[in-house]
Structure formats: structure tokens, C-alpha cells
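Source file: run_14.cif (mmCIF, C-alpha atoms)
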```cif
data_model
loop_
_atom_site.group_PDB
_atom_site.id
_atom_site.type_symbol
_atom_site.label_atom_id
_atom_site.label_comp_id
_atom_site.auth_asym_id
_atom_site.auth_seq_id
_atom_site.Cartn_x
_atom_site.Cartn_y
_atom_site.Cartn_z
ATOM 1 C CA MET K 1 -100.026 35.471 -31.642
ATOM 2 C CA THR K 2 -96.849 35.651 -33.667
ATOM 3 C CA THR K 3 -94.280 32.887 -33.932
ATOM 4 C CA GLU K 4 -91.776 34.936 -31.927
ATOM 5 C CA SER K 5 -94.332 35.512 -29.156
ATOM 6 C CA LYS K 6 -95.097 31.793 -28.982
ATOM 7 C CA ARG K 7 -91.386 30.973 -28.847
ATOM 8 C CA GLY K 8 -90.818 33.524 -26.060
ATOM 9 C CA LEU K 9 -93.773 32.162 -24.085
ATOM 10 C CA LEU K 10 -92.493 28.598 -24.475
ATOM 11 C CA ILE K 11 -88.976 29.535 -23.345
ATOM 12 C CA GLY K 12 -90.292 31.560 -20.386
ATOM 13 C CA SER K 13 -92.611 28.757 -19.286
ATOM 14 C CA SER K 14 -89.795 26.225 -19.549
ATOM 15 C CA LEU K 15 -87.504 28.378 -17.392
ATOM 16 C CA VAL K 16 -90.181 28.767 -14.708
ATOM 17 C CA LEU K 17 -90.777 25.009 -14.708
ATOM 18 C CA VAL K 18 -87.051 24.197 -14.393
ATOM 19 C CA MET K 19 -86.549 26.752 -11.598
ATOM 20 C CA SER K 20 -89.594 25.442 -9.703
ATOM 21 C CA ALA K 21 -88.356 21.863 -9.984
ATOM 22 C CA GLY K 22 -84.938 22.947 -8.685
ATOM 23 C CA ILE K 23 -86.484 24.649 -5.666
ATOM 24 C CA VAL K 24 -88.655 21.620 -4.840
ATOM 25 C CA LEU K 25 -85.696 19.231 -5.167
ATOM 26 C CA GLY K 26 -83.585 21.512 -2.976
ATOM 27 C CA ILE K 27 -86.231 21.484 -0.253
ATOM 28 C CA ILE K 28 -86.553 17.690 -0.460
ATOM 29 C CA TYR K 29 -82.750 17.321 -0.214
ATOM 30 C CA TYR K 30 -82.627 19.621 2.831
ATOM 31 C CA LEU K 31 -85.456 17.815 4.632
ATOM 32 C CA ASP K 32 -84.071 14.408 3.771
ATOM 33 C CA SER K 33 -80.482 15.143 4.827
ATOM 34 C CA SER K 34 -81.493 16.826 8.096
ATOM 35 C CA SER K 35 -82.893 13.587 9.516
ATOM 36 C CA GLY K 36 -80.997 10.966 7.509
ATOM 37 C CA HIS K 37 -78.652 9.975 10.334
ATOM 38 C CA ARG K 38 -81.335 9.540 13.012
ATOM 39 C CA THR K 39 -81.910 5.883 12.219
ATOM 40 C CA ALA K 40 -82.045 4.479 15.762
ATOM 41 C CA THR K 41 -85.089 4.661 17.991
ATOM 42 C CA ALA K 42 -85.759 4.209 21.691
ATOM 43 C CA PRO K 43 -88.737 4.614 24.002
ATOM 44 C CA VAL K 44 -88.561 7.681 26.215
ATOM 45 C CA GLU K 45 -89.500 8.442 29.767
ATOM 46 C CA ILE K 46 -91.240 11.805 30.013
ATOM 47 C CA VAL K 47 -89.730 13.590 33.007
ATOM 48 C CA ASN K 48 -92.136 16.530 32.882
ATOM 49 C CA ALA K 49 -94.214 18.584 30.488
ATOM 50 C CA VAL K 50 -94.818 22.240 31.264
ATOM 51 C CA PRO K 51 -97.372 24.316 29.327
ATOM 52 C CA THR K 52 -95.718 27.101 27.364
ATOM 53 C CA SER K 53 -96.411 29.549 24.556
ATOM 54 C CA TRP K 54 -94.318 31.251 21.894
ATOM 55 C CA SER K 55 -94.717 33.297 18.730
ATOM 56 C CA ASP K 56 -93.816 31.791 15.376
ATOM 57 C CA SER K 57 -92.084 33.639 12.539
ATOM 58 C CA SER K 58 -95.359 35.295 11.482
ATOM 59 C CA LYS K 59 -95.950 36.517 15.078
ATOM 60 C CA THR K 60 -98.807 34.032 15.597
ATOM 61 C CA LYS K 61 -99.126 32.886 19.213
ATOM 62 C CA LYS K 62 -98.631 29.119 19.556
ATOM 63 C CA TYR K 63 -99.364 26.945 22.575
ATOM 64 C CA GLY K 64 -97.808 23.649 23.560
ATOM 65 C CA PHE K 65 -95.460 22.099 26.057
ATOM 66 C CA ARG K 66 -91.813 22.185 27.043
ATOM 67 C CA VAL K 67 -91.212 18.437 27.324
ATOM 68 C CA SER K 68 -88.230 17.093 29.260
ATOM 69 C CA TYR K 69 -87.434 13.449 28.587
ATOM 70 C CA ARG K 70 -84.741 10.808 28.826
ATOM 71 C CA PHE K 71 -83.885 7.597 27.038
ATOM 72 C CA ILE K 72 -81.186 4.936 27.043
ATOM 73 C CA ALA K 73 -78.726 4.580 24.159
ATOM 74 C CA ASP K 74 -75.807 2.145 24.359
ATOM 75 C CA GLY K 75 -76.260 1.822 28.121
ATOM 76 C CA GLN K 76 -76.117 5.583 28.704
ATOM 77 C CA THR K 77 -79.015 7.729 29.845
ATOM 78 C CA ILE K 78 -79.463 10.686 27.491
ATOM 79 C CA SER K 79 -81.634 13.653 28.478
ATOM 80 C CA GLY K 80 -83.403 15.991 26.130
ATOM 81 C CA VAL K 81 -85.839 18.879 26.021
ATOM 82 C CA ASP K 82 -88.351 19.623 23.280
ATOM 83 C CA GLU K 83 -89.002 23.352 23.799
ATOM 84 C CA LYS K 84 -92.019 23.760 21.496
ATOM 85 C CA ASN K 85 -93.952 20.500 21.410
ATOM 86 C CA MET K 86 -97.482 20.876 20.084
ATOM 87 C CA SER K 87 -98.313 17.148 19.983
ATOM 88 C CA TYR K 88 -97.790 16.187 23.633
ATOM 89 C CA ARG K 89 -100.795 14.528 25.327
ATOM 90 C CA GLU K 90 -100.574 13.154 28.851
ATOM 91 C CA GLY K 91 -100.342 9.366 28.848
ATOM 92 C CA GLU K 92 -99.313 9.149 25.185
ATOM 93 C CA GLN K 93 -96.267 7.044 24.399
ATOM 94 C CA PHE K 94 -93.269 8.803 22.860
ATOM 95 C CA ARG K 95 -90.004 7.663 21.371
ATOM 96 C CA VAL K 96 -86.848 9.370 20.243
ATOM 97 C CA CYS K 97 -85.124 9.104 16.888
ATOM 98 C CA TYR K 98 -81.381 9.511 17.250
ATOM 99 C CA ASP K 99 -78.099 9.118 15.435
ATOM 100 C CA PRO K 100 -76.501 5.918 16.818
ATOM 101 C CA LYS K 101 -73.030 7.467 16.335
ATOM 102 C CA ASN K 102 -74.081 10.629 18.166
ATOM 103 C CA PRO K 103 -77.101 10.066 20.465
ATOM 104 C CA SER K 104 -77.214 13.766 21.329
ATOM 105 C CA ASP K 105 -78.502 14.304 17.742
ATOM 106 C CA LYS K 106 -82.074 13.393 18.587
ATOM 107 C CA HIS K 107 -85.697 14.257 17.901
ATOM 108 C CA LEU K 108 -88.734 13.456 20.059
ATOM 109 C CA ARG K 109 -91.666 11.834 18.234
ATOM 110 C CA SER K 110 -95.051 10.462 19.076
ATOM 111 C CA SER K 111 -95.020 6.654 18.978
ATOM 112 C CA GLY K 112 -97.715 6.768 16.312
ATOM 113 C CA GLY K 113 -95.646 9.043 14.033
ATOM 114 C CA MET K 114 -93.464 8.393 10.999
ATOM 115 C CA ASP K 115 -90.621 5.883 11.180
ATOM 116 C CA CYS K 116 -87.283 7.352 12.193
ATOM 117 C CA ALA K 117 -85.429 6.332 9.045
ATOM 118 C CA LYS K 118 -88.292 7.337 6.714
ATOM 119 C CA LYS K 119 -87.111 9.349 3.730
ATOM 120 C CA ILE K 120 -89.136 11.952 1.862
ATOM 121 C CA LEU K 121 -89.124 10.861 -1.769
ATOM 122 C CA PHE K 122 -91.499 11.283 -4.689
#
```

Would you write the structure of this file as C-alpha cells?
Amino acid sequence: MTTESKRGLLIGSSLVLVMSAGIVLGIIYYLDSSSGHRTATAPVEIVNAVPTSWSDSSKTKKYGFRVSYRFIADGQTISGVDEKNMSYREGEQFRVCYDPKNPSDKHLRSSGGMDCAKKILF
């Protein structure tokens, strides 16, 4: 292998590495910022859970539940619906992670799941 070939290979490999790192950091930033304000948590009352199915982006049929729930935030009852819940099990305890400044920004989670304010960092 000539010196020029080695130099070209080194430069090409370095560019691929830098671009890959940029993509990974972009994904981490997106995931981290999308849930960063949902720092409050509250237990939920499951109103009902109806079996449902849907197709994902690759046209694979998925099965789960449409879960209607409610919780109390700052003395107000807030209702929510999780349209495509694949983790619902009857009798399991659930909680909601929500933005204390905007309780309608919420996400239903299993009580055994990750903490609401957990950040994805390496």
C-alpha cells in the first residue's frame, strides 16, 4: 500500500468516525430533550384498557392496549390516553411522568420502569 493510499484511508476512516459520533450525539440529544421537562410523577388510576392492534412503520402488526387513565396534579384531575401501550398488564401499578408547568405534557409508565427525570448519558 502506498503512502498516499494509507493517508486517504486514514482520512476516510476519520470522517466516518466523526460523522457517526455526530449522529449518535444527535440522537442522544433528541431523546434527552424530549423527556427532560417531565420531572414530576404521580400514581394513576386506570379507567379502562381496551385491546387494540396497529401496524408499525415497517407494516408489522402490533398488539397491545388503548389505556385510558387519570391522575391528580396540583389538585386538578388530568385525563390521558395511551393509544399503543404494549406493557399494560391487569393489576399492575402505573404512574405518569409529567411536566409540572404543563401537566398535559405527560407519559404513562409502568411503576417498575425508569425514573421520570432519568437522562440518557454515556

Take atom CA of K:Val96 and atom CA of K:Tyr63 and report the distance between them in Å, one decimal.
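Distance between the two atoms: 21.7 Å.
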
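Atom CA of K:Val81 sits 22.5 Å away from atom CA of K:Thr60.
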
Taking the file as shown, find all residues satisfying the PyMOL selection byres ((chain K and resi 67) around 10) and write them as a PyMOL selection string.
chain K and resi 46-52+64-66+68-69+80-86+88+108

Could you please take those selected residues and save C-alpha atoms as a PDB file, in the coordinates of the input?
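result08.pdb written:
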```
ATOM      1  CA  ILE K  46     -91.240  11.805  30.013  1.00  0.00           C
ATOM      2  CA  VAL K  47     -89.730  13.590  33.007  1.00  0.00           C
ATOM      3  CA  ASN K  48     -92.136  16.530  32.882  1.00  0.00           C
ATOM      4  CA  ALA K  49     -94.214  18.584  30.488  1.00  0.00           C
ATOM      5  CA  VAL K  50     -94.818  22.240  31.264  1.00  0.00           C
ATOM      6  CA  PRO K  51     -97.372  24.316  29.327  1.00  0.00           C
ATOM      7  CA  THR K  52     -95.718  27.101  27.364  1.00  0.00           C
ATOM      8  CA  GLY K  64     -97.808  23.649  23.560  1.00  0.00           C
ATOM      9  CA  PHE K  65     -95.460  22.099  26.057  1.00  0.00           C
ATOM     10  CA  ARG K  66     -91.813  22.185  27.043  1.00  0.00           C
ATOM     11  CA  SER K  68     -88.230  17.093  29.260  1.00  0.00           C
ATOM     12  CA  TYR K  69     -87.434  13.449  28.587  1.00  0.00           C
ATOM     13  CA  GLY K  80     -83.403  15.991  26.130  1.00  0.00           C
ATOM     14  CA  VAL K  81     -85.839  18.879  26.021  1.00  0.00           C
ATOM     15  CA  ASP K  82     -88.351  19.623  23.280  1.00  0.00           C
ATOM     16  CA  GLU K  83     -89.002  23.352  23.799  1.00  0.00           C
ATOM     17  CA  LYS K  84     -92.019  23.760  21.496  1.00  0.00           C
ATOM     18  CA  ASN K  85     -93.952  20.500  21.410  1.00  0.00           C
ATOM     19  CA  MET K  86     -97.482  20.876  20.084  1.00  0.00           C
ATOM     20  CA  TYR K  88     -97.790  16.187  23.633  1.00  0.00           C
ATOM     21  CA  LEU K 108     -88.734  13.456  20.059  1.00  0.00           C
TER      22      LEU K 108
END
```

Counting only C-alpha atoms, the option among K:Ser111, K:Gln93, K:Asn102, K:Ser57 closest to K:Gln76
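The answer is K:Asn102, which sits nearest to K:Gln76.
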
Considering all atoms listed in the file, can you say which of K:Lys59, K:Gly91, K:Asp105, K:Asp99 comes closest to K:Ser79?
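Going through K:Lys59, K:Gly91, K:Asp105, K:Asp99 one by one, the smallest distance to K:Ser79 is for K:Asp105.
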
Point-to-point distance from atom CA of K:Pro43 to atom CA of K:Phe94, Å rounded to tenths:
6.3 Å
